[in-house]
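Just target-v6.cif here, mmCIF, C-alpha atoms:
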```cif
data_query
loop_
_atom_site.label_atom_id
_atom_site.label_comp_id
_atom_site.auth_asym_id
_atom_site.auth_seq_id
_atom_site.Cartn_x
_atom_site.Cartn_y
_atom_site.Cartn_z
CA MET A 1048 35.86 -188.35 281.27
CA LEU A 1049 35.67 -184.65 281.92
CA ALA A 1050 38.28 -181.97 281.32
CA SER A 1051 38.05 -178.41 282.58
CA GLU A 1052 40.39 -176.17 284.55
CA HIS A 1053 37.65 -175.17 286.97
CA PRO A 1054 36.52 -177.60 289.70
CA GLY A 1055 33.08 -175.96 289.74
CA VAL A 1056 32.62 -176.63 286.04
CA ARG A 1057 33.75 -180.24 286.45
CA SER A 1058 31.20 -180.73 289.27
CA PHE A 1059 28.48 -179.23 287.11
CA LEU A 1060 29.34 -181.49 284.20
CA LYS A 1061 29.55 -184.51 286.49
CA GLU A 1062 26.01 -183.85 287.74
CA MET A 1063 24.76 -183.55 284.18
CA VAL A 1064 26.42 -186.81 283.15
CA GLU A 1065 25.39 -188.81 286.20
CA ALA A 1066 21.75 -187.69 285.84
CA ASP A 1067 21.72 -190.71 283.53
CA GLU A 1068 21.90 -193.69 285.88
CA GLU A 1069 23.84 -195.74 283.37
CA ALA A 1070 26.58 -193.14 282.93
CA VAL A 1071 29.55 -192.82 285.24
CA VAL A 1072 32.45 -190.37 285.22
CA VAL A 1073 35.68 -192.38 285.13
CA GLY A 1074 38.14 -189.52 285.28
CA GLU A 1075 38.59 -185.79 285.56
CA ALA A 1076 41.41 -183.63 284.27
CA GLU A 1077 42.30 -179.99 284.76
CA ASN A 1078 44.61 -179.55 281.78
CA ALA A 1079 45.32 -180.89 278.31
CA VAL A 1080 48.33 -183.01 279.30
CA LYS A 1081 46.42 -184.89 281.98
CA SER A 1082 43.38 -185.20 279.69
CA LEU A 1083 45.36 -187.01 277.04
CA TRP A 1084 47.04 -189.23 279.61
CA LEU A 1085 43.65 -190.16 281.13
CA ALA A 1086 42.09 -190.81 277.75
CA ARG A 1087 44.94 -193.12 276.72
CA ASN A 1088 44.72 -195.07 279.95
CA LEU A 1089 40.98 -195.11 280.67
CA ARG A 1090 39.64 -195.32 277.09
CA PRO A 1091 36.35 -193.56 277.93
CA ASP A 1092 33.26 -193.91 275.73
CA VAL A 1093 32.77 -190.15 275.84
CA ALA A 1094 35.27 -187.38 276.53
CA ILE A 1095 33.81 -183.96 277.39
CA ILE A 1096 36.43 -181.24 276.94
CA ASP A 1097 36.30 -177.54 277.81
CA SER A 1098 37.57 -175.57 274.80
CA GLN A 1099 39.40 -173.19 277.18
CA LEU A 1100 41.53 -175.92 278.72
CA PRO A 1101 45.09 -174.90 279.57
CA HIS A 1102 47.90 -176.91 278.02
CA SER A 1103 49.38 -177.50 281.44
CA VAL A 1104 49.07 -176.23 284.98
CA GLY A 1105 51.33 -173.80 286.71
CA LEU A 1106 53.18 -172.65 283.64
CA ASP A 1107 51.67 -169.17 283.57
CA THR A 1108 48.41 -167.36 283.99
CA MET A 1109 48.18 -166.06 280.45
CA PRO A 1110 44.71 -166.29 278.96
CA GLN A 1111 46.43 -167.32 275.73
CA SER A 1112 47.48 -170.54 277.45
CA ARG A 1113 43.87 -171.53 277.94
CA ILE A 1114 43.46 -172.73 274.40
CA GLY A 1115 44.37 -176.40 274.60
CA GLY A 1116 40.87 -177.84 274.42
CA LEU A 1117 40.65 -178.23 270.66
CA ASP A 1118 44.10 -179.81 270.47
CA VAL A 1119 43.39 -182.47 273.07
CA ALA A 1120 39.94 -183.11 271.59
CA GLN A 1121 41.51 -183.74 268.19
CA ALA A 1122 44.29 -185.87 269.70
CA ILE A 1123 41.80 -188.08 271.57
CA SER A 1124 39.66 -188.42 268.42
CA ASP A 1125 42.72 -189.42 266.40
CA GLU A 1126 44.25 -191.83 268.91
CA ILE A 1127 41.10 -193.43 270.36
CA PRO A 1128 38.59 -193.99 267.53
CA ASN A 1129 35.98 -195.53 269.85
CA ALA A 1130 35.82 -192.43 272.05
CA ARG A 1131 33.23 -189.81 271.18
CA VAL A 1132 34.63 -186.38 271.92
CA MET A 1133 32.50 -183.36 272.76
CA LEU A 1134 34.20 -179.96 272.76
CA LEU A 1135 32.26 -177.48 274.83
CA ASN A 1136 32.26 -173.71 274.42
CA SER A 1137 31.40 -170.94 276.85
CA LEU A 1138 31.71 -173.03 279.99
CA ASP A 1139 32.97 -170.01 281.92
CA ARG A 1140 29.38 -168.84 282.38
CA LEU A 1141 28.84 -171.90 284.55
CA LEU A 1142 31.09 -170.20 287.08
CA LEU A 1143 28.36 -167.62 287.62
CA PRO A 1144 25.81 -167.93 290.49
CA PRO A 1145 24.03 -171.29 290.76
CA LEU A 1146 21.16 -172.08 288.46
CA SER A 1147 17.75 -170.89 289.59
CA PRO A 1148 15.39 -173.62 290.81
CA GLY A 1149 13.54 -175.20 287.91
CA ALA A 1150 16.39 -174.57 285.50
CA VAL A 1151 17.56 -177.54 283.45
CA ALA A 1152 20.94 -177.87 281.72
CA SER A 1153 21.43 -179.97 278.59
CA PHE A 1154 24.07 -180.47 275.93
CA ALA A 1155 23.31 -179.08 272.47
CA ARG A 1156 25.24 -179.34 269.22
CA GLU A 1157 26.56 -176.04 267.88
CA ASP A 1158 25.27 -176.93 264.41
CA GLY A 1159 22.19 -178.82 265.53
CA PRO A 1160 18.54 -177.72 265.52
CA ALA A 1161 17.65 -175.22 268.24
CA GLY A 1162 16.04 -176.63 271.36
CA VAL A 1163 16.97 -180.25 270.61
CA PRO A 1164 19.24 -181.60 273.37
CA LEU A 1165 22.15 -183.92 272.65
CA ALA A 1166 21.61 -187.02 274.77
CA LEU A 1167 24.85 -188.59 275.98
CA ARG A 1168 23.53 -192.09 275.58
CA ASP A 1169 22.80 -191.50 271.88
CA PHE A 1170 26.05 -189.60 271.40
CA SER A 1171 28.13 -192.45 272.83
CA THR A 1172 27.05 -194.75 270.02
CA GLU A 1173 26.90 -192.21 267.21
CA ALA A 1174 29.18 -192.46 264.19
CA VAL A 1175 31.28 -189.29 264.27
CA ASN A 1176 34.39 -188.07 262.55
CA GLY A 1177 36.40 -185.90 264.91
CA PRO A 1178 35.24 -183.86 267.88
CA VAL A 1179 31.65 -182.65 268.04
CA PHE A 1180 31.30 -178.98 268.92
CA ALA A 1181 28.62 -178.38 271.50
CA SER A 1182 27.50 -176.04 274.24
CA ILE A 1183 25.33 -176.21 277.33
CA GLU A 1184 21.85 -174.78 277.13
CA ILE A 1185 19.96 -173.73 280.21
CA GLY A 1186 16.21 -174.08 279.95
CA ARG A 1187 13.34 -174.20 282.36
CA ARG A 1188 11.61 -177.37 283.38
CA ALA A 1189 7.85 -177.16 282.70
CA ASP A 1190 6.65 -176.56 286.23
CA ALA A 1191 3.27 -176.17 287.85
CA SER A 1192 3.07 -172.49 286.91
CA GLN A 1193 3.48 -173.28 283.24
CA ARG A 1194 0.90 -176.02 283.45
CA VAL A 1195 -1.64 -173.65 285.00
CA THR A 1196 -1.14 -170.93 282.43
CA GLY A 1197 -1.14 -173.54 279.68
CA LEU A 1198 -4.50 -174.83 280.88
CA ALA A 1199 -5.95 -171.32 281.03
CA ASP A 1200 -4.80 -170.69 277.46
CA GLN A 1201 -6.54 -173.86 276.34
CA PHE A 1202 -9.78 -172.77 278.03
CA ILE A 1203 -9.63 -169.44 276.20
CA LEU A 1204 -8.84 -171.07 272.89
CA PHE A 1205 -11.62 -173.64 273.02
CA GLY A 1206 -13.99 -171.03 274.42
CA LEU A 1207 -13.43 -168.79 271.44
CA LEU A 1208 -13.90 -171.76 269.17
CA GLY A 1209 -17.18 -172.55 270.88
CA ILE A 1210 -18.41 -168.97 270.45
CA MET A 1211 -17.56 -169.04 266.74
CA ILE A 1212 -19.33 -172.35 266.20
CA GLY A 1213 -22.32 -171.11 268.18
CA LEU A 1214 -22.57 -167.95 266.09
CA VAL A 1215 -22.41 -169.93 262.85
CA MET A 1216 -25.16 -172.22 264.07
CA MET A 1217 -27.36 -169.26 265.09
CA VAL A 1218 -26.85 -167.49 261.77
CA SER A 1219 -28.01 -170.62 259.95
CA LEU A 1220 -31.44 -170.11 261.65
CA ILE A 1221 -31.79 -173.89 261.92
CA LEU A 1222 -29.81 -174.65 265.05
CA ILE A 1223 -30.51 -171.48 266.98
CA VAL A 1224 -30.90 -173.11 270.40
CA PRO A 1225 -27.85 -175.36 270.12
CA GLY A 1226 -25.99 -172.36 268.75
CA ILE A 1227 -26.91 -170.23 271.75
CA LEU A 1228 -25.84 -173.08 274.03
CA ALA A 1229 -22.49 -173.50 272.26
CA ALA A 1230 -21.80 -169.77 272.30
CA SER A 1231 -22.72 -169.54 276.00
CA LEU A 1232 -20.48 -172.44 276.93
CA GLY A 1233 -17.68 -170.94 274.83
CA GLY A 1234 -18.12 -167.59 276.53
CA ALA A 1235 -18.00 -169.23 279.95
CA ALA A 1236 -14.80 -171.03 279.04
CA VAL A 1237 -13.17 -167.80 277.88
CA VAL A 1238 -14.18 -166.03 281.08
CA LEU A 1239 -12.88 -168.93 283.19
CA GLY A 1240 -9.57 -168.91 281.33
CA LEU A 1241 -9.11 -165.17 281.71
CA VAL A 1242 -10.05 -165.24 285.39
CA GLY A 1243 -7.61 -168.10 285.93
CA LYS A 1244 -4.73 -166.25 284.29
CA LEU A 1245 -5.47 -163.05 286.16
CA THR A 1246 -5.70 -164.81 289.51
CA PHE A 1247 -2.49 -166.69 288.90
CA GLU A 1248 -0.68 -163.48 287.94
CA LEU A 1249 -1.92 -161.64 291.03
CA VAL A 1250 -0.86 -164.47 293.34
CA ARG A 1251 2.57 -164.64 291.68
CA ARG A 1252 3.17 -160.91 292.02
CA ARG A 1253 2.05 -160.89 295.65
CA ARG A 1254 4.36 -163.82 296.40
CA ASN A 1255 7.35 -162.16 294.71
CA GLU A 1256 6.75 -158.91 296.59
CA SER A 1257 6.65 -160.65 299.96
CA ASP A 1258 9.76 -162.82 299.28
CA PRO A 1259 12.06 -161.49 296.54
CA ASP A 1260 14.37 -164.56 296.85
CA SER A 1261 11.66 -167.08 296.14
CA PRO A 1262 11.96 -168.88 292.79
CA GLU A 1263 10.26 -167.30 289.85
CA VAL A 1264 6.94 -169.01 289.45
CA MET B 428 30.56 -154.38 256.86
CA ILE B 429 32.39 -151.06 257.17
CA GLN B 430 31.88 -151.04 260.95
CA THR B 431 33.50 -154.46 261.22
CA LEU B 432 36.46 -153.39 259.08
CA ARG B 433 36.87 -150.23 261.12
CA LYS B 434 37.11 -152.27 264.34
CA CYS B 435 39.92 -154.37 262.92
CA GLU B 436 43.35 -153.14 264.02
CA VAL B 437 44.88 -153.68 260.57
CA PHE B 438 42.43 -151.26 258.93
CA ALA B 439 41.93 -148.86 261.85
CA ALA B 440 43.89 -146.05 260.16
CA LEU B 441 41.76 -146.00 257.00
CA ASP B 442 39.27 -143.19 256.45
CA ASP B 443 35.64 -143.70 255.39
CA SER B 444 36.24 -143.63 251.65
CA GLU B 445 39.13 -146.06 251.95
CA LEU B 446 37.03 -148.38 254.10
CA GLU B 447 34.29 -148.25 251.48
CA LYS B 448 36.78 -149.23 248.81
CA LEU B 449 37.99 -152.07 251.03
CA ALA B 450 34.42 -153.19 251.69
CA SER B 451 33.90 -153.49 247.94
CA LEU B 452 36.58 -156.20 247.98
CA ALA B 453 34.91 -158.09 250.82
CA ALA B 454 32.06 -160.57 251.16
CA GLU B 455 30.39 -162.14 254.18
CA LYS B 456 30.85 -165.84 254.72
CA GLU B 457 29.51 -168.19 257.41
CA TYR B 458 31.14 -171.30 258.80
CA ALA B 459 29.74 -174.00 261.09
CA ALA B 460 31.46 -174.99 264.35
CA GLY B 461 34.37 -177.27 263.51
CA ALA B 462 34.68 -176.01 259.92
CA THR B 463 38.13 -175.17 258.55
CA ILE B 464 38.43 -171.70 257.03
CA PHE B 465 41.89 -172.33 255.59
CA GLN B 466 44.62 -174.95 255.88
CA GLU B 467 48.27 -174.48 256.80
CA GLY B 468 50.32 -174.61 253.62
CA GLY B 469 47.43 -173.64 251.35
CA THR B 470 47.62 -170.79 248.82
CA ALA B 471 46.62 -167.59 250.60
CA GLU B 472 44.19 -165.60 248.47
CA GLU B 473 41.84 -164.27 251.14
CA CYS B 474 42.18 -162.62 254.50
CA PHE B 475 39.33 -162.62 256.98
CA VAL B 476 37.97 -160.37 259.67
CA VAL B 477 35.86 -162.17 262.24
CA GLU B 478 32.46 -160.57 262.73
CA VAL B 479 30.86 -163.12 265.05
CA GLY B 480 32.31 -166.29 266.57
CA LYS B 481 35.69 -167.73 267.55
CA VAL B 482 38.43 -169.23 265.44
CA ALA B 483 41.37 -171.34 266.62
CA LEU B 484 44.67 -170.95 264.78
CA GLN B 485 46.59 -174.23 264.78
CA MET B 486 50.06 -175.28 263.71
CA ALA B 487 51.06 -178.82 262.82
CA LEU B 488 54.00 -180.07 264.83
CA PRO B 489 56.38 -182.46 263.08
CA ALA B 490 55.86 -185.98 264.37
CA ALA B 491 58.76 -187.77 266.03
CA ALA B 492 59.46 -191.36 265.01
CA GLY B 493 56.74 -193.63 266.31
CA GLN B 494 54.65 -190.70 267.53
CA PRO B 495 51.39 -189.46 266.02
CA SER B 496 51.48 -186.00 264.43
CA ARG B 497 49.99 -183.28 266.56
CA ARG B 498 48.32 -179.97 266.09
CA VAL B 499 48.77 -177.14 268.54
CA THR B 500 46.44 -174.19 268.92
CA VAL B 501 48.55 -171.06 269.13
CA ASP B 502 45.80 -168.46 269.36
CA VAL B 503 42.05 -168.02 269.51
CA ILE B 504 40.68 -165.19 267.37
CA ASN B 505 37.60 -163.26 268.44
CA SER B 506 35.29 -160.72 266.87
CA GLY B 507 37.06 -157.77 265.22
CA GLU B 508 40.35 -159.59 264.70
CA MET B 509 41.97 -160.59 261.44
CA ILE B 510 43.27 -163.94 260.22
CA GLY B 511 45.01 -164.89 257.01
CA TRP B 512 47.53 -162.03 256.92
CA SER B 513 49.73 -164.36 254.85
CA SER B 514 47.54 -163.43 251.89
CA ILE B 515 48.98 -159.91 252.03
CA VAL B 516 52.58 -160.86 252.84
CA GLY B 517 54.66 -163.05 250.52
CA PRO B 518 55.05 -165.95 249.80
CA TYR B 519 51.24 -165.96 250.14
CA VAL B 520 51.00 -169.32 251.88
CA TYR B 521 48.90 -169.79 255.00
CA THR B 522 51.10 -170.43 258.05
CA PHE B 523 48.29 -171.72 260.25
CA THR B 524 45.09 -173.74 259.97
CA ALA B 525 41.97 -171.84 261.03
CA VAL B 526 39.26 -173.92 262.71
CA CYS B 527 35.95 -172.46 263.90
CA LEU B 528 35.26 -173.19 267.55
CA GLN B 529 31.66 -172.08 267.14
CA LYS B 530 29.39 -170.89 264.35
CA THR B 531 31.34 -168.03 262.84
CA ARG B 532 30.65 -165.21 260.41
CA VAL B 533 33.58 -163.51 258.72
CA LEU B 534 34.29 -160.82 256.18
CA SER B 535 36.41 -162.40 253.49
CA VAL B 536 38.61 -159.87 251.70
CA ASN B 537 39.89 -160.74 248.24
CA ALA B 538 43.60 -160.43 248.90
CA VAL B 539 44.62 -160.64 245.26
CA ASN B 540 42.70 -157.44 244.47
CA LEU B 541 43.82 -155.93 247.77
CA ARG B 542 47.47 -156.49 246.86
CA ILE B 543 46.90 -154.79 243.50
CA TRP B 544 45.32 -151.83 245.27
CA LEU B 545 48.20 -151.62 247.76
CA ALA B 546 50.78 -151.84 244.97
CA ASN B 547 49.21 -148.82 243.24
CA ASP B 548 48.47 -146.68 246.31
CA THR B 549 51.46 -146.01 248.53
CA PRO B 550 49.67 -144.11 251.36
CA ILE B 551 47.09 -146.89 251.76
CA SER B 552 49.80 -149.48 251.62
CA HIS B 553 51.66 -147.67 254.39
CA LYS B 554 48.55 -147.44 256.60
CA ILE B 555 47.64 -151.10 256.22
CA THR B 556 51.20 -152.34 256.57
CA ARG B 557 51.60 -150.53 259.89
CA GLY B 558 48.48 -152.22 261.25
CA LEU B 559 49.58 -155.56 259.83
CA VAL B 560 52.99 -155.39 261.50
CA ARG B 561 51.33 -154.93 264.90
CA VAL B 562 49.08 -157.94 264.34
CA ILE B 563 51.95 -160.12 263.14
CA ALA B 564 54.11 -159.11 266.11
CA ASP B 565 51.33 -159.95 268.57
CA ARG B 566 50.64 -163.25 266.86
CA LEU B 567 54.33 -164.20 266.90
CA ASP B 568 54.59 -163.35 270.59
CA VAL B 569 51.64 -165.55 271.52
CA THR B 570 52.89 -168.35 269.28
CA ARG B 571 56.31 -168.20 270.88
CA ARG B 572 54.87 -168.50 274.39
CA VAL B 573 52.63 -171.41 273.48
CA LEU B 574 55.39 -173.30 271.68
CA VAL B 575 57.79 -172.76 274.59
CA SER B 576 55.24 -174.36 276.87
CA GLU B 577 54.90 -177.24 274.41
CA ARG B 578 58.66 -177.66 274.41
CA LEU B 579 58.66 -177.91 278.21
CA LEU B 580 56.02 -180.61 277.99
CA THR B 581 58.02 -182.68 275.51
CA ILE B 582 61.06 -182.54 277.80
CA GLU B 583 59.00 -184.41 280.39
CA PRO B 584 57.28 -187.21 278.47
CA GLY B 585 54.44 -189.07 280.17
CA ARG B 586 53.95 -186.33 282.73
CA ALA B 587 50.29 -186.26 283.73
CA GLY B 588 50.40 -182.63 284.85
#
```

Starting from the coordinates I provided, produce the structure as structure tokens.
Amino acid sequence: MLASEHPGVRSFLKEMVEADEEAVVVGEAENAVKSLWLARNLRPDVAIIDSQLPHSVGLDTMPQSRIGGLDVAQAISDEIPNARVMLLNSLDRLLLPPLSPGAVASFAREDGPAGVPLALRDFSTEAVNGPVFASIEIGRRADASQRVTGLADQFILFGLLGIMIGLVMMVSLILIVPGILAASLGGAAVVLGLVGKLTFELVRRRRNESDPDSPEV
Amino acid sequence: MIQTLRKCEVFAALDDSELEKLASLAAEKEYAAGATIFQEGGTAEECFVVEVGKVALQMALPAAAGQPSRRVTVDVINSGEMIGWSSIVGPYVYTFTAVCLQKTRVLSVNAVNLRIWLANDTPISHKITRGLVRVIADRLDVTRRVLVSERLLTIEPGRAG
């Protein structure tokens, strides 16, 4: 189940959850009271709670009222031991403009290693004691542009390696010809890699100048 | 450290030399998300100024017969704010539980030594007490509003909102 005051945030979270075909959102709540009621009745495997959840709706518009998330997360953890509870911080930034194309959102533990996503499937069977504090990290999917520049970097790297090996062989005065060959091939690889990166960069800049709204390549 | 103390409302009236003296009583501490800085009812020997992070202040509500005990968050403390003022004001018992909502770094001020300093320096005591009164008044106001809303909720049991 999901709990956040903002419908946009709930939709965002629902998309993240249902990206796993085996996961389904069984309920949504906009305040702490409804969250607890849903949890007691639906007994979800995982409850994802916005830390800035209001205690109730319509009582007032005070920002101080939007502090019920931790309470309901603790209450669900206490009352429903089989439910894994994730308390999410900083969800208000999800109200900002939509993610750029190629961006990928994932859950991450607040105290976990950087860059390691928290998979819901693993989390739902994990042994936990109380709510787990987490956030949403926005990263970029490795797209074609990254693959191209990655390949160019590899050309340059292996080219330099080839040049070094070639030079060592030439210096030994025994394998001069193979050394020259290795150094030449290495040099060609470096040149290819540099030309590739330069071409890619020029194309990207020209594309961005002609259409500023196109996704960053 | 001095910059953080200067930003805190309780210590805003102190001059540079006084802030330096205060900083000598303080140490940085870090807490993971979910960690408890202090428990309600515990002996209050430190006060804390949040440098980075967010801390929830919770109160335990007495449990009715047949009902589980509950905790209610009455405030969320951000950077530059102070928690643990009970360490400066008798009976030196924490009135809330402080739980980190995210990884948090605080300045922990040794309140025992601070109280000795305040007892021997009337002008400093006056400056800090004025700041403290404002913080306590604000905290009480927020707590009152939150608990009133809780009371309304208990009047209507089972309401799904």

Identify all residues satisfying the PyMOL selection byres ((chain A) within 6 of (chain B)) in the given file; provide them as a ChimeraX atom specification.
/A:1080-1081,1118

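Straight-line separation from CA of Asn540 in chain B to CA of Met428 in chain B: 17.6 Å.
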
With the file shown as input, list the residues that the PyMOL selection byres ((chain A and resi 1074) around 8) selects, as a PyMOL selection string.
chain A and resi 1048-1049+1072-1073+1075-1076+1085+1089

Please write as an MDAnalysis selection string the full residue list that the PyMOL selection byres ((chain A and resi 1122-1135) around 9) yields on this file.
(chainID A and resid 1082:1083 1086:1087 1090:1099 1116:1121 1136:1138 1154 1170:1183) or (chainID B and resid 495:498 528)

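Using only C-alpha atoms, the set of residues no farther than 12 Å from the position (29.0, -149.7, 258.5) comprises Met428, Ile429, Gln430, Thr431, Leu432, Arg433, Lys434, Asp443, Ser444, Leu446, Glu447, Leu449 and Ala450 of chain B.
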
At most 7 Å from (48.6, -172.3, 254.3), file frame, all atoms listed in the file: which residues, as an MDAnalysis selection string?
chainID B and resid 465:471 520:524

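As for CA of Glu1157 in chain A and CA of Leu488 in chain B, they are spaced 27.9 Å apart.
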
By how many Å are CA of Ile563 in chain B and CA of Ala462 in chain B apart?
23.7 Å

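Using only C-alpha atoms, the shortest contact distance between His553 in chain B and any of B:Leu441, B:Cys435, B:Ala538, B:Cys474 is found at B:Leu441.
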